[in-house]
Every structure is written in structure tokens, then in C-alpha cells.
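Q: Please see the structure below; I have some questions.
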Amino acid sequence: MKFLHTSDWHIGKTLKGRNRLDEQRAVLGEIVRIARDGQFDAILVAGDLYETSAPSAAAQELVVRALMALRETGAEVLAIAGNHDHAATFEAYRPLLLAAGIQLTGDPRPVHDGGVVSFDARSTGERVNVAVLPFLSQRYAVRAAELLAGTPADNVGQYDQRVRDILEHLKSGFTPGAVNLVMAHLTVTGGTMGGGERAAQSIFEYHVPATAFGADPHYVALGHLHRRQSLPAPCPVHYSGSPFAVDFGEQDNTSVVLSVEVSPTTPAKITDIPLTAGRKLRTVHGTVAELTGRAAEFGEDYLRVYIREATRAGLREEIQEALPNALEIRIDPEFAAPVTTSGGDRAVADRSPGELFASYCAERTIEDKRVQALFARLHDEETSGV
């Protein structure tokens, strides 16, 4: 039987103020065509369908239409909430999408109440069990471990142990003679960041070892890290990565969806299927004359430009006129005059919230890294709506 694994669509994501909805529509259209041509038994969408917890109506319409188009291929469609999604909204729409044959899960659920989705593969008639685990925040991990695994909060270990307990509960829904899968949205220890993830919800205590899945699953379909990768584990553990470059930190990533062929008695065979619909992101360096002369080479790529000249009046306008897809324009550090505050530090406007808080701690001789880790996590939670 065959499964299609995709994740981290981030529909509604803008880049330096540029609306990318048309590009995202093209990417999802390409995924639908692959699904239609491949005759898959199921489509697994491993979280972060949206960029924000309060997506626009246009973004919601695009995602719903994509899910319905995937369902129209005849495949089972299963999707879970990631850390960018609003789990409660997913749960509110769950009955409606279920009526359309789409399994949408926002919160972790017990095995017999949606935690394991079971169906017979249309290609072979064999049983499939998919354990689904949406993203868990630190706070919700405690409650979910109590509800699903029956583990008292005062006896529950750190984040990874809570997730292990929940996975063990979900795997109790696996059955012999079936293909048993796990789909989750989380960080596996040792995974490589793609470049556009929310750091505080990807590192610090927010990770679990690949061994947490055990040897039982035939395949583990993961979302959250934007770079396509596999992790060494007793069973196949794979991230499909984002289907397009979310920001310039991901410009060198390869965008794919994964085709997984497996049976109850044979190992999973994973094939990368390249995606080409997304626009490329590119970082370029040069003088105004050099960059202007290369305009045709850049085509429709979105650009981050570093100008190798000293700043002068009208410089930005010249670049924008020659390169309309230049979304970020900076003076190359080698040619930039340092901008400092009266105290000699970089200007506040050039520093991230994390850097500003680290400076604040240093001024007050607070050297506990846990404080900065907590700040980063809370900042991400507040700005993401999670």
C-alpha cells in the first residue's frame, strides 16, 4: 500500500510583507496532482497547515479546498494541528470535515476516541492503523499525559517522558497483521532545523529522542522541522519538510513530498518526489551595477540583497527599480558604517527580542540560561497565539 507524507504548509505565510497565497495555491495544486497520479491509499498531513493561529478567510478556504481535493483522489486524508495552528479551531471543524471523509485532529485523543485512525487500504484491503499526535505545548503535555496515559502530573517526568507515555498509549491501538503508523508534530533530538521554525518550540525541552517511537511502527510521519530528513531509530522516522521555502533561512532546502510503500510484512520504501511550484529564495551580493546586470538571471526568485557599496541617497530605490522582487535590501557588513547607541551597543532596532532580553540579563548579572529559555518560549507562545 502507498501513503503520501507532507507537512508544514504554512498557508498564509507572507515574506517581508509580500503576499504568497498564489504561490501557496500552486504548491498545493502540485501536491494534489501528485496524489491523483500516485493513487495513494492515504495522505498524511503532519501539522502546521497554517502560518498563524488566526488565518485569514482566504488561507482557510485554500486549505479546506486542498484537503477536499486530496480526498477526491480516493485516498484517506488525515491532518493534525501543529504549533502554528489553533488546535481548538481544528476540533471545532472536526465533525464537519469528518462528514467529508477528512480526519482533522487538533488535540491529542485517546485511542478509542480518534487517537488511532483505522481503515482498510483501498489497494490491498489490509488494515491500517495511524496513531495521531498533534503538537503538545509544555502545559498541555501534562494534561494530555494524565488524560491519555493515566500518569499523575506529580509523577510525570520531563517533556520527552510525557510524550513517551502518550505514544505508548497510542500504540496500544496497533493490531497484528496491519500496517501501523505514527503521525506527529514534534522535534526529534538531533534533527536539523530548516530555518523558519519557532526556536523556542523546537529546542530547549521541546524534543524527544527517536527511540521514543519504539520498533512497532512501520513508519513515523513527522512535521515541525522544515528540512527533509530521516533520523536513526528502530523504525523509519522521517520529516517531509516544508513544500516551499518559508523564509530566506530555508533557501537551500529541497522541497519534496514523500511516497511511502509498505506492507504488514515488508519494510517501508520511501521515495522523495520533488516539488517545483514554489518560488525560489536567493541571497545575492554585489554593487548596484553588478546586481542590475544580473537581473535577468534572477528571474522570478525572491531576493535578499546585500549591496557592496557605502550607503547613499537613492540607493534602495535604484535596487527596487532594477530588482522588483528584492524583498530585503541591506548594505553588506563590510561596507556598512556601524550604528551604535550611546553605550556602544548595536541599535535597539537592529536587535531581536531574544538579544535584547539577553542584554537585559547581562546588565543585571543574571546568568541562568533557563531564564532566557523561558523568555524565548513565552515570547513564541504569545506572538504565535499557541
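Identifiers in the C-alpha cells: chain A, B, ... in order shown; residue index from 1 per chain; ligand index from 1 in order shown.
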When you look at region 104-116 of chain A with a cut-off of 9 Å (counting only C-alpha atoms), what residues show up, excluding the ones that are within fewer than 2 positions of it in the same chain? I need them as a PyMOL selection string.
A: chain A and resi 77-82+85-95+97-98+102+118+129-136+144+147-149+166+169-174+182
Q: Could you write out, as a list in words, all the residues of region 33-106 of chain A that DSSP marks as strand (DSSP E or B)?
A: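 Residues meeting the strand (DSSP E or B) criterion: Ala42, Ile43, Leu44, Val45, Tyr50, Glu76, Val77, Leu78, Ala79, Ile80, Ile102, Gln103, Leu104 and Thr105 of chain A.
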Q: Find the residues around region 267-276 of chain A up to 12 Å (only C-alpha atoms counted), leave out those fewer than 6 positions away in its own chain, and share them as JSON, numbers by chain.
A: {"A": [1, 2, 3, 4, 5, 6, 23, 24, 26, 27, 28, 29, 30, 31, 32, 33, 34, 35, 38, 179, 180, 181, 215, 216, 217, 218, 219, 220, 221, 228, 229, 230, 234, 235, 236, 237, 238, 239, 240, 241, 242, 243, 244, 245, 253, 254, 255, 256, 257, 258, 259, 260, 261]}
Q: Can I get the selection written as a short mmCIF file (atom, residue, chain, number, x, y, z; two decimals), in the first residue's frame, with N, CA and C atoms?
A:
```cif
data_model
loop_
_atom_site.label_atom_id
_atom_site.label_comp_id
_atom_site.auth_asym_id
_atom_site.auth_seq_id
_atom_site.Cartn_x
_atom_site.Cartn_y
_atom_site.Cartn_z
N MET A 1 0.85 -1.20 0.00
CA MET A 1 0.00 0.00 0.00
C MET A 1 0.88 1.24 0.00
N LYS A 2 0.30 2.36 -0.40
CA LYS A 2 1.09 3.59 -0.56
C LYS A 2 0.48 4.74 0.24
N PHE A 3 1.39 5.52 0.85
CA PHE A 3 0.98 6.71 1.59
C PHE A 3 1.76 7.91 1.06
N LEU A 4 1.14 9.08 1.10
CA LEU A 4 1.82 10.33 0.76
C LEU A 4 1.98 11.14 2.03
N HIS A 5 3.20 11.53 2.35
CA HIS A 5 3.52 12.25 3.58
C HIS A 5 3.94 13.67 3.23
N THR A 6 3.22 14.64 3.79
CA THR A 6 3.56 16.05 3.62
C THR A 6 3.29 16.77 4.93
N GLU A 23 1.29 31.66 -4.78
CA GLU A 23 2.36 30.67 -4.81
C GLU A 23 1.98 29.43 -4.00
N GLN A 24 1.40 29.65 -2.83
CA GLN A 24 0.98 28.52 -1.99
C GLN A 24 -0.13 27.71 -2.65
N ALA A 26 -0.41 27.28 -5.83
CA ALA A 26 0.26 26.48 -6.86
C ALA A 26 0.96 25.27 -6.24
N VAL A 27 1.57 25.45 -5.07
CA VAL A 27 2.25 24.34 -4.39
C VAL A 27 1.25 23.26 -4.00
N LEU A 28 0.14 23.67 -3.40
CA LEU A 28 -0.87 22.69 -3.01
C LEU A 28 -1.49 22.01 -4.23
N GLY A 29 -1.63 22.77 -5.31
CA GLY A 29 -2.13 22.17 -6.55
C GLY A 29 -1.19 21.10 -7.07
N GLU A 30 0.11 21.34 -6.94
CA GLU A 30 1.08 20.33 -7.36
C GLU A 30 0.98 19.08 -6.49
N ILE A 31 0.79 19.27 -5.18
CA ILE A 31 0.65 18.12 -4.28
C ILE A 31 -0.61 17.32 -4.63
N VAL A 32 -1.69 18.01 -4.95
CA VAL A 32 -2.93 17.32 -5.34
C VAL A 32 -2.71 16.51 -6.62
N ARG A 33 -1.99 17.07 -7.59
CA ARG A 33 -1.73 16.34 -8.84
C ARG A 33 -0.88 15.09 -8.57
N ILE A 34 0.11 15.22 -7.69
CA ILE A 34 0.93 14.06 -7.33
C ILE A 34 0.06 12.99 -6.67
N ALA A 35 -0.83 13.43 -5.78
CA ALA A 35 -1.72 12.49 -5.09
C ALA A 35 -2.65 11.79 -6.08
N GLY A 38 -0.59 9.33 -8.20
CA GLY A 38 0.05 8.24 -7.47
C GLY A 38 -0.89 7.20 -6.92
N VAL A 179 -0.74 -2.57 8.90
CA VAL A 179 0.31 -1.56 8.79
C VAL A 179 0.04 -0.52 9.87
N ASN A 180 0.98 -0.33 10.78
CA ASN A 180 0.82 0.58 11.91
C ASN A 180 1.74 1.78 11.75
N LEU A 181 1.15 2.97 11.75
CA LEU A 181 1.89 4.20 11.51
C LEU A 181 1.71 5.17 12.67
N ALA A 215 10.06 0.16 18.15
CA ALA A 215 10.23 -0.57 16.90
C ALA A 215 8.90 -0.98 16.28
N ASP A 216 7.78 -0.66 16.93
CA ASP A 216 6.46 -1.13 16.48
C ASP A 216 5.99 -0.48 15.18
N PRO A 217 6.13 0.85 15.01
CA PRO A 217 5.55 1.45 13.80
C PRO A 217 6.29 1.01 12.52
N HIS A 218 5.52 0.83 11.46
CA HIS A 218 6.13 0.58 10.16
C HIS A 218 6.75 1.87 9.61
N TYR A 219 6.22 3.02 10.05
CA TYR A 219 6.70 4.31 9.55
C TYR A 219 6.22 5.40 10.51
N VAL A 220 7.06 6.41 10.73
CA VAL A 220 6.69 7.58 11.54
C VAL A 220 6.76 8.81 10.65
N ALA A 221 5.62 9.46 10.43
CA ALA A 221 5.50 10.65 9.59
C ALA A 221 5.50 11.89 10.48
N ARG A 228 13.76 18.36 4.90
CA ARG A 228 13.52 16.94 4.68
C ARG A 228 14.70 16.15 5.26
N GLN A 229 14.40 15.17 6.12
CA GLN A 229 15.45 14.39 6.77
C GLN A 229 14.88 13.14 7.40
N SER A 230 15.75 12.18 7.65
CA SER A 230 15.39 10.99 8.39
C SER A 230 16.28 10.90 9.61
N PRO A 234 14.81 2.74 15.71
CA PRO A 234 14.45 1.33 15.48
C PRO A 234 13.41 1.13 14.38
N CYS A 235 12.72 2.20 13.97
CA CYS A 235 11.77 2.15 12.86
C CYS A 235 12.03 3.36 11.96
N PRO A 236 11.49 3.39 10.74
CA PRO A 236 11.72 4.55 9.86
C PRO A 236 11.06 5.82 10.41
N VAL A 237 11.86 6.85 10.66
CA VAL A 237 11.37 8.12 11.20
C VAL A 237 11.78 9.22 10.22
N HIS A 238 10.79 9.90 9.63
CA HIS A 238 11.08 10.86 8.56
C HIS A 238 10.32 12.17 8.74
N TYR A 239 11.00 13.27 8.44
CA TYR A 239 10.38 14.58 8.23
C TYR A 239 10.27 14.79 6.72
N SER A 240 9.09 15.21 6.26
CA SER A 240 8.95 15.53 4.84
C SER A 240 9.47 16.92 4.53
N GLY A 241 9.52 17.79 5.56
CA GLY A 241 9.93 19.17 5.34
C GLY A 241 8.80 20.00 4.75
N SER A 242 9.02 21.29 4.69
CA SER A 242 8.02 22.20 4.12
C SER A 242 8.04 22.09 2.59
N PRO A 243 6.88 22.19 1.93
CA PRO A 243 6.83 22.06 0.47
C PRO A 243 7.31 23.30 -0.29
N PHE A 244 7.68 24.35 0.42
CA PHE A 244 8.28 25.52 -0.21
C PHE A 244 9.14 26.22 0.84
N ALA A 245 10.04 27.07 0.39
CA ALA A 245 10.92 27.78 1.31
C ALA A 245 10.12 28.85 2.05
N ASN A 253 17.05 24.56 1.08
CA ASN A 253 16.34 23.31 1.33
C ASN A 253 15.76 22.75 0.03
N THR A 254 15.64 21.43 -0.03
CA THR A 254 15.00 20.77 -1.15
C THR A 254 13.55 20.47 -0.78
N SER A 255 12.61 20.96 -1.57
CA SER A 255 11.19 20.78 -1.26
C SER A 255 10.68 19.51 -1.91
N VAL A 256 10.07 18.64 -1.09
CA VAL A 256 9.56 17.35 -1.58
C VAL A 256 8.31 16.96 -0.81
N VAL A 257 7.61 15.97 -1.33
CA VAL A 257 6.67 15.16 -0.56
C VAL A 257 7.22 13.74 -0.60
N LEU A 258 6.80 12.91 0.35
CA LEU A 258 7.34 11.56 0.44
C LEU A 258 6.30 10.51 0.09
N SER A 259 6.69 9.60 -0.78
CA SER A 259 5.86 8.44 -1.09
C SER A 259 6.38 7.27 -0.27
N VAL A 260 5.48 6.62 0.47
CA VAL A 260 5.85 5.52 1.36
C VAL A 260 5.09 4.27 0.92
N GLU A 261 5.84 3.25 0.52
CA GLU A 261 5.25 1.97 0.15
C GLU A 261 5.61 0.93 1.21
#
```
Q: Between A:Gln372, A:Gln161, A:Thr73, A:Thr175, which one has atoms that come closest to Phe119 (chain A), using only C-alpha atoms?
A: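 Counting only C-alpha atoms, the residue closest to Phe119 (chain A) is A:Thr175.
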Q: Please, what distance in Å, to one decimal, runs between CA of Leu49 (chain A) and CA of His84 (chain A)?
A: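 Distance reported for this atom pair: 7.9 Å.
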Q: Kindly give the distance, in Å, that separates CA of Glu126 (chain A) and CA of Thr265 (chain A), rounded to a single decimal.
A: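 Atom-to-atom, CA of Glu126 (chain A) and CA of Thr265 (chain A) are spaced 11.4 Å apart.
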Q: Which residue out of A:His185, A:Arg282, A:Arg139, A:Arg122 has the minimum interatomic distance to Leu222 (chain A) when only C-alpha atoms are used?
A: A:His185
Q: Rank A:Val188, A:Leu15, A:Leu62, A:Val128 by their smallest atom-to-atom distance to Pro209 (chain A), using only C-alpha atoms, and report the top residue only.
A: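 Of A:Val188, A:Leu15, A:Leu62, A:Val128, the one nearest Pro209 (chain A) is A:Val188, counting only C-alpha atoms.
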Q: Identify which of the residues A:Ala178, A:Ala358, A:Tyr159, A:Arg164 lies closest to Thr266 (chain A), counting only C-alpha atoms when measuring atom-to-atom distances.
A: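 The answer is A:Ala178, which sits nearest to Thr266 (chain A).
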Q: Could you tell me, as a list of chain:residue names, which residues of region 201-323 of chain A DSSP assigns to helix (DSSP H, G or I) when given the backbone?
A: A:Gln201, A:Ala210, A:Thr211, A:Ala212, A:Phe213, A:Phe248, A:Gly249, A:Glu250, A:Val288, A:Ala289, A:Glu290, A:Leu291, A:Thr292, A:Gly293, A:Ala295, A:Ala296, A:Glu297, A:Phe298, A:Leu315, A:Arg316, A:Glu317, A:Glu318, A:Ile319, A:Gln320, A:Glu321, A:Ala322
